[in-house]
>>> print(open('model_28.txt').read())   # compact mmCIF, C-alpha atoms
# COMPACT_ATOMS: atom_id res chain seq x y z
CA MET A 4 30.38 1.47 -7.13
CA LEU A 5 28.04 4.34 -6.26
CA LYS A 6 27.84 5.42 -9.90
CA THR A 7 26.54 1.98 -10.81
CA ALA A 8 24.01 2.16 -7.97
CA ASP A 9 22.91 5.59 -9.22
CA ARG A 10 22.45 4.24 -12.76
CA LEU A 11 20.37 1.34 -11.49
CA GLU A 12 18.24 3.69 -9.43
CA ARG A 13 17.62 5.91 -12.46
CA ILE A 14 16.04 2.87 -14.12
CA ILE A 15 13.90 2.38 -11.03
CA GLU A 16 12.88 6.06 -11.11
CA THR A 17 11.75 5.63 -14.72
CA LEU A 18 9.73 2.56 -13.79
CA GLY A 19 8.27 4.49 -10.86
CA TRP A 20 7.18 7.19 -13.27
CA LEU A 21 5.50 4.50 -15.38
CA ALA A 22 3.72 3.14 -12.29
CA ARG A 23 2.46 6.64 -11.41
CA ALA A 24 1.28 7.22 -14.99
CA SER A 25 -0.54 3.86 -14.89
CA LEU A 26 -2.25 4.85 -11.66
CA LEU A 27 -3.38 8.15 -13.15
CA ALA A 28 -4.66 6.37 -16.26
CA MET A 29 -6.50 3.87 -14.07
CA VAL A 30 -8.20 6.65 -12.09
CA LEU A 31 -9.23 8.45 -15.27
CA LEU A 32 -10.58 5.23 -16.83
CA VAL A 33 -12.62 4.45 -13.72
CA ALA A 34 -14.05 7.98 -13.82
CA VAL A 35 -14.98 7.57 -17.50
CA ASP A 36 -16.50 4.16 -16.77
CA VAL A 37 -18.60 5.58 -13.94
CA LEU A 38 -19.80 8.47 -16.11
CA LEU A 39 -20.68 6.11 -18.97
CA ARG A 40 -22.66 3.88 -16.61
CA TYR A 41 -24.44 6.76 -14.92
CA PHE A 42 -25.37 8.80 -17.98
CA PHE A 43 -25.61 6.19 -20.75
CA SER A 44 -26.08 2.88 -18.89
CA ILE A 45 -23.15 1.33 -20.75
CA SER A 46 -19.89 -0.14 -19.54
CA PRO A 47 -17.60 -1.42 -22.29
CA VAL A 48 -15.80 -4.67 -21.46
CA PRO A 49 -12.42 -3.48 -22.82
CA LEU A 50 -12.61 -0.41 -20.60
CA GLN A 51 -13.28 -2.51 -17.52
CA GLU A 52 -10.49 -4.93 -18.35
CA LEU A 53 -8.03 -2.11 -18.93
CA GLU A 54 -8.90 -0.74 -15.49
CA TRP A 55 -8.20 -4.17 -13.96
CA HIS A 56 -5.00 -4.66 -15.91
CA LEU A 57 -3.51 -1.31 -14.95
CA ILE A 58 -3.13 -2.46 -11.36
CA SER A 59 -0.28 -4.74 -12.51
CA PRO A 60 2.18 -2.00 -13.47
CA VAL A 61 1.13 0.04 -10.44
CA ALA A 62 1.89 -2.79 -8.03
CA LEU A 63 4.72 -4.62 -9.79
CA LEU A 64 6.71 -1.58 -10.90
CA GLY A 65 5.83 0.41 -7.81
CA ILE A 66 7.33 -2.14 -5.43
CA SER A 67 10.93 -1.45 -6.50
CA TYR A 68 10.21 2.31 -6.50
CA ALA A 69 8.87 2.04 -2.95
CA LEU A 70 11.96 0.11 -1.88
CA LYS A 71 14.24 2.75 -3.43
CA HIS A 72 12.49 5.50 -1.49
CA ARG A 73 12.33 3.42 1.70
CA ALA A 74 8.55 3.52 1.66
CA ASP A 75 8.48 -0.16 2.56
CA VAL A 76 7.46 -1.39 5.99
CA ARG A 77 10.07 -2.57 8.44
CA VAL A 78 9.35 -3.77 11.94
CA ASP A 79 12.19 -2.16 13.79
CA LEU A 80 12.89 -3.76 17.13
CA PHE A 81 16.68 -3.84 17.04
CA TYR A 82 17.94 -2.15 13.86
CA GLU A 83 18.06 1.41 15.26
CA ARG A 84 20.22 0.19 18.16
CA PHE A 85 22.82 -1.38 15.85
CA SER A 86 26.12 0.24 15.04
CA PRO A 87 26.49 1.75 11.54
CA ARG A 88 28.62 -1.23 10.48
CA CYS A 89 26.06 -3.75 11.76
CA LYS A 90 23.28 -1.81 10.00
CA ALA A 91 25.27 -2.00 6.77
CA MET A 92 25.62 -5.77 7.22
CA VAL A 93 21.89 -6.19 7.83
CA ASP A 94 21.17 -4.00 4.79
CA LEU A 95 23.56 -6.07 2.67
CA VAL A 96 21.94 -9.36 3.69
CA SER A 97 18.51 -7.85 3.01
CA ALA A 98 19.66 -6.61 -0.41
CA LEU A 99 21.11 -10.01 -1.30
CA LEU A 100 17.83 -11.70 -0.34
CA THR A 101 15.95 -9.15 -2.45
CA ILE A 102 18.20 -9.91 -5.42
CA GLY A 103 17.70 -13.65 -4.98
CA VAL A 104 13.93 -13.55 -4.55
CA GLY A 105 13.42 -10.99 -7.33
CA THR A 106 15.58 -12.93 -9.77
CA TYR A 107 13.98 -16.26 -8.91
CA ILE A 108 10.40 -15.03 -9.31
CA ALA A 109 11.27 -13.20 -12.57
CA TRP A 110 12.85 -16.41 -13.86
CA LEU A 111 9.80 -18.47 -12.84
CA ALA A 112 7.35 -15.99 -14.39
CA TRP A 113 9.04 -15.65 -17.77
CA PRO A 114 7.75 -18.99 -19.20
CA TYR A 115 4.18 -17.87 -18.51
CA VAL A 116 4.77 -14.77 -20.62
CA THR A 117 6.30 -16.70 -23.51
CA GLN A 118 3.58 -19.36 -23.36
CA SER A 119 0.87 -16.68 -23.39
CA TYR A 120 2.53 -15.00 -26.38
CA ALA A 121 2.96 -18.27 -28.29
CA MET A 122 -0.68 -19.23 -27.94
CA GLY A 123 -1.98 -15.71 -28.66
CA GLU A 124 -3.79 -15.64 -25.33
CA GLY A 125 -6.46 -13.00 -24.98
CA SER A 126 -9.34 -12.20 -22.71
CA PRO A 127 -11.94 -14.94 -22.18
CA ASN A 128 -14.65 -12.24 -22.13
CA PRO A 129 -16.49 -11.38 -25.35
CA GLY A 130 -15.07 -8.10 -26.64
CA GLY A 131 -12.24 -8.24 -24.09
CA LEU A 132 -8.65 -7.21 -24.58
CA PRO A 133 -6.26 -9.33 -26.64
CA TYR A 134 -2.55 -9.75 -25.89
CA ARG A 135 -2.71 -11.13 -22.35
CA PHE A 136 1.07 -11.68 -22.53
CA LEU A 137 1.58 -7.92 -22.13
CA LEU A 138 -0.15 -8.04 -18.78
CA LYS A 139 1.78 -11.13 -17.72
CA ALA A 140 5.06 -9.46 -18.75
CA PHE A 141 4.79 -7.16 -15.74
CA LEU A 142 5.54 -10.11 -13.44
CA PRO A 143 9.10 -10.78 -14.60
CA LEU A 144 9.68 -7.08 -15.31
CA GLY A 145 8.53 -6.02 -11.85
CA PHE A 146 10.57 -8.63 -10.03
CA ALA A 147 13.63 -7.99 -12.21
CA ALA A 148 13.30 -4.32 -11.24
CA LEU A 149 13.12 -5.37 -7.60
CA ALA A 150 16.33 -7.37 -8.09
CA LEU A 151 17.97 -4.29 -9.70
CA GLN A 152 17.03 -2.17 -6.71
CA GLY A 153 18.47 -4.91 -4.51
CA CYS A 154 21.73 -4.63 -6.50
CA ALA A 155 21.81 -0.87 -5.94
CA ASP A 156 21.16 -1.36 -2.23
CA ALA A 157 23.87 -4.05 -2.03
CA LEU A 158 26.40 -1.74 -3.69
CA ARG A 159 25.59 1.06 -1.26
CA SER A 160 25.87 -1.34 1.70
CA LEU A 161 29.24 -2.62 0.45
CA LYS A 162 30.45 0.96 0.16
CA GLU A 163 29.39 1.60 3.76
CA LEU A 164 31.20 -1.55 4.91
CA GLN A 165 34.38 -0.40 3.16
CA ALA A 166 34.31 2.96 4.94
CA PRO A 167 36.69 3.29 7.88
CA ARG A 168 35.21 2.43 11.27
CA GLY A 169 33.59 5.32 13.04
CA THR A 170 32.36 6.96 9.83
CA THR A 171 28.67 7.72 9.65
CA ARG A 172 26.47 6.54 6.79
CA GLU A 173 26.29 10.07 5.36
CA GLU A 174 30.07 10.41 5.35
CA ALA A 175 30.45 7.02 3.64
CA ALA A 176 28.13 8.10 0.84
>>> encode(input="model_28.txt", output="structure tokens")
Amino acid sequence: MLKTADRLERIIETLGWLARASLLAMVLLVAVDVLLRYFFSISPVPLQELEWHLISPVALLGISYALKHRADVRVDLFYERFSPRCKAMVDLVSALLTIGVGTYIAWLAWPYVTQSYAMGEGSPNPGGLPYRFLLKAFLPLGFAALALQGCADALRSLKELQAPRGTTREEAA
């Protein structure tokens, strides 16, 4: 069970690397755009659009990476007072909800990608980027990745629930 969770989380790590690379590319493109505007009074439309589009992989791939590394926000009023077994149950329910929501949104978003591809959708701006479907593809991909991280979390929670009572989370892992 934990080996499967580890494999799923390796996928999430790879997607997290892609999100970080996209963020670096976005920062570099903004710097180039600023320099072009300042020194040459030009700002190419494709460059601007690429800057805007790079926020999609950063946000949509980064969300599952943040969840894996517990960099998400949780309002903790009761959780820390729960027993390890109750915490595992709460984590399992949370993981199952994550799987459901991630899968549902990925499923809903996929037709938009295929429709965009079928019609050859591109930028409405003159000189803008073609292939809008690539940008839209980050929606189902990002939420599918979120569902995968939910699967990994669910497997880890199930493992904790199977551990004998009185075992700590670290011992169960």
>>> residues_around(input="model_28.txt", residues="region 72-75 of chain A", least_positions_apart="4", cutoff="10 Å", atoms="only C-alpha atoms", output="ChimeraX atom specification")
/A:12,16,66-68
>>> atom_distance(input="model_28.txt", atom1="CA of Val96 (chain A)", atom2="CA of Pro114 (chain A)")
28.6 Å
>>> atom_distance(input="model_28.txt", atom1="CA of Arg84 (chain A)", atom2="CA of Val104 (chain A)")
27.3 Å
>>> atom_distance(input="model_28.txt", atom1="CA of Gly125 (chain A)", atom2="CA of Lys139 (chain A)")
11.1 Å
>>> residues_around(input="model_28.txt", residues="Val93 (chain A)", least_positions_apart="5", cutoff="9 Å", atoms="all atoms listed in the file", output="MDAnalysis selection string")
chainID A and resid 82 88 98 160
>>> write_last_selection(input="model_28.txt", atoms="C-alpha atoms", output="short mmCIF file (atom, residue, chain, number, x, y, z; two decimals), in the frame of the given file")
data_model
loop_
_atom_site.label_atom_id
_atom_site.label_comp_id
_atom_site.auth_asym_id
_atom_site.auth_seq_id
_atom_site.Cartn_x
_atom_site.Cartn_y
_atom_site.Cartn_z
CA TYR A 82 17.94 -2.15 13.86
CA ARG A 88 28.62 -1.23 10.48
CA ALA A 98 19.66 -6.61 -0.41
CA SER A 160 25.87 -1.34 1.70
#
>>> residues_near_point(input="model_28.txt", point="(3.4, -13.8, -18.7)", cutoff="7 Å", atoms="all atoms listed in the file", output="CSV table (one decimal) with C-alpha atoms, in the coordinates of the input")
chain,number,residue,atom,x,y,z
A,112,ALA,CA,7.4,-16.0,-14.4
A,113,TRP,CA,9.0,-15.6,-17.8
A,114,PRO,CA,7.8,-19.0,-19.2
A,115,TYR,CA,4.2,-17.9,-18.5
A,116,VAL,CA,4.8,-14.8,-20.6
A,117,THR,CA,6.3,-16.7,-23.5
A,119,SER,CA,0.9,-16.7,-23.4
A,136,PHE,CA,1.1,-11.7,-22.5
A,138,LEU,CA,-0.2,-8.0,-18.8
A,139,LYS,CA,1.8,-11.1,-17.7
A,140,ALA,CA,5.1,-9.5,-18.8
A,142,LEU,CA,5.5,-10.1,-13.4
>>> residues_around(input="model_28.txt", residues="Lys162 (chain A)", least_positions_apart="3", cutoff="9 Å", atoms="all atoms listed in the file", output="JSON, numbers by chain")
{"A": [4, 5, 91, 157, 158, 159, 165, 166, 175, 176]}
>>> residues_around(input="model_28.txt", residues="Ala150 (chain A)", least_positions_apart="4", cutoff="6 Å", atoms="all atoms listed in the file", output="list of chain:residue names")
A:Thr101, A:Ile102, A:Gly105, A:Thr106
>>> axis_aligned_box(input="model_28.txt", around="region 122-137 of chain A", padding_each_side="5 Å", output="AutoDock Vina command-line options")
--center_x -7.5 --center_y -13.2 --center_z -25.4 --size_x 28.1 --size_y 22.0 --size_z 16.5
>>> closest_residue(input="model_28.txt", among="A:Leu111, A:Ile14, A:Leu151, A:Leu161", to="Lys90 (chain A)", atoms="all atoms listed in the file")
A:Leu161
